[in-house]
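K.L.:
Please read through the structure below; I'll follow up with questions.
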Amino acid sequence: MQKLPYELERFIFLLASDSPRAIYPYLSVARRVYYWTEKILYDAVILSDGEIARRFLSCILIRPDFAGSAVKSLWIKHGVGSNTVTELLQLCKGVTSLALWNTPSYKGSASRKLVEVLNTLPLTQISLSLSLIYGGTSSESPYLPSINIFTKVTHLELLDGWVLWSSSMGIDSLHQLTHISLRVSIKRTVAPLLQALLNCRNIKVFVLRITEDHHTMQEWLEAKDIKDPRIVLVDETSSELWEGGQHTVWMYADHVVR
């Protein structure tokens with residue numbers, strides 16, 4: 001039987017393995033095919049609870065180089081402890097898209113360690129609660145440009161409900177941002193602060209995560225004379241906009257704005 005050239009064979013299998021689900025039949029074809037396609041399985045990783053996160057951590061501890069190059073998108077959901085998160089991020093050094101949706105607050109040395117690790121990652125997209133870094137309330141008046149990671153990402157989602165209650169937290173000074181997602185409320189969000197962020201022309205897409213219905217929020221925006229084609233309204237819980245660990249809310253918002 002005539003064999004295909006090595007590079008052509010590899011190209012065909014990679015082309016056929018366009019999603020993690022499509023890869024499974026090919027993993028047992030041959031050892032070389034396994035090595036070609038394995039990384040695709042780990043490109044986007046979702047850790048839905050503490051037990052799954054610990055098991056994943058135990059697997060990549062013995063393959064740190066693989067973890068550092070294979071994992072590009074990481075979504076850490078509720079119930080994963082702070083120490084586990086820090087260890088995961090230290091190993092997954094190549095992550096460019098990160099969602100930290102775990103609930104434990106980081107205080108003292110744990111918070112400083114998290115910030116140190118985040119600053120070493122080549123992140124372009126991040127979704128998290130500032131309470132993981134600053135402690136749980138807006139009383140500390142966070143200033144985001146003071147933390148290196150916020151000066152590098154182009155896509156920023158802040159999950160805290162108290163954002164834009166009293167200050168812009170320096171978001172308007174993050175000139176590299178092109179996409180931003182914030183929780184807003186007609187009862188607590190300060191409209192002039194929201195308008196100040198919309199005055200930043202570098203921002204191409206502005207996602208407002210809302211608890212009110214779309215009609216009520218639209219009326220509030222109109223009453224505050226806030227009209228901007230870059231605004232996209234989504235329900236406050238947008239987990240359905242995630243798929244395979246990729247933050248598809250940005251793709252959805254890009255489509256709406258376009």
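Chain lettering (A, B, ...) mirrors the order of the structure tokens, residue numbering begins at 1 for each chain separately, and ligand numbering begins at 1 in order of display.
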List the spatial neighbours of A:Gly68 as number ranges by chain - criterion: any atom at most 6 Å away, only C-alpha atoms, same-chain residues fewer than 4 positions off excluded.
P.N.:
A: 91-94
K.L.:
For N, CA and C atoms, I'd like the residues from the last selection saved as a compact mmCIF listing (two decimals), in the first residue's frame.
P.N.:
# COMPACT_ATOMS: atom_id res chain seq x y z
N LEU A 91 1.17 26.33 35.87
CA LEU A 91 1.49 25.28 34.90
C LEU A 91 1.01 25.63 33.49
N CYS A 92 -0.17 26.21 33.40
CA CYS A 92 -0.74 26.55 32.09
C CYS A 92 -0.23 27.93 31.67
N LYS A 93 1.03 27.99 31.36
CA LYS A 93 1.71 29.28 31.12
C LYS A 93 1.35 29.92 29.80
N GLY A 94 0.72 29.17 28.91
CA GLY A 94 0.40 29.71 27.59
C GLY A 94 -1.04 30.17 27.44
K.L.:
Would you kindly return, as a list in words, each protein, DNA or RNA residue with an atom no farther than 12 Å from any atom of A:Pro64, considering only C-alpha atoms and excluding same-chain residues fewer than 4 positions away?
P.N.:
Phe56, Leu57, Ser58, Cys59, Ile60, Gly68, Ser69, Ala70, Val71, Glu87, Leu88, Leu89, Gln90, Leu91, Cys92, Lys93 and Gly94 of chain A
K.L.:
Which residue is closest to A:Asp228? Choose from A:Met251, A:Leu121, A:Leu159, A:Leu197 and count only C-alpha atoms.
P.N.:
A:Leu197
K.L.:
Taking only C-alpha atoms into account, which of A:Gln176, A:Thr248, A:Ser129, A:Ser185 comes nearest A:Asp160?
P.N.:
A:Ser129
K.L.:
I need the residue nearest A:Leu156 from this list: A:Leu123, A:Ile226, A:Val85, A:Cys200. Use only C-alpha atoms for the distance.
P.N.:
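Closest to A:Leu156 of all the choices is A:Leu123.
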K.L.:
A:Ile149: which residues within 12 Å, counting only C-alpha atoms, same-chain residues fewer than 3 positions away excluded, as a count of residues only?
P.N.:
28
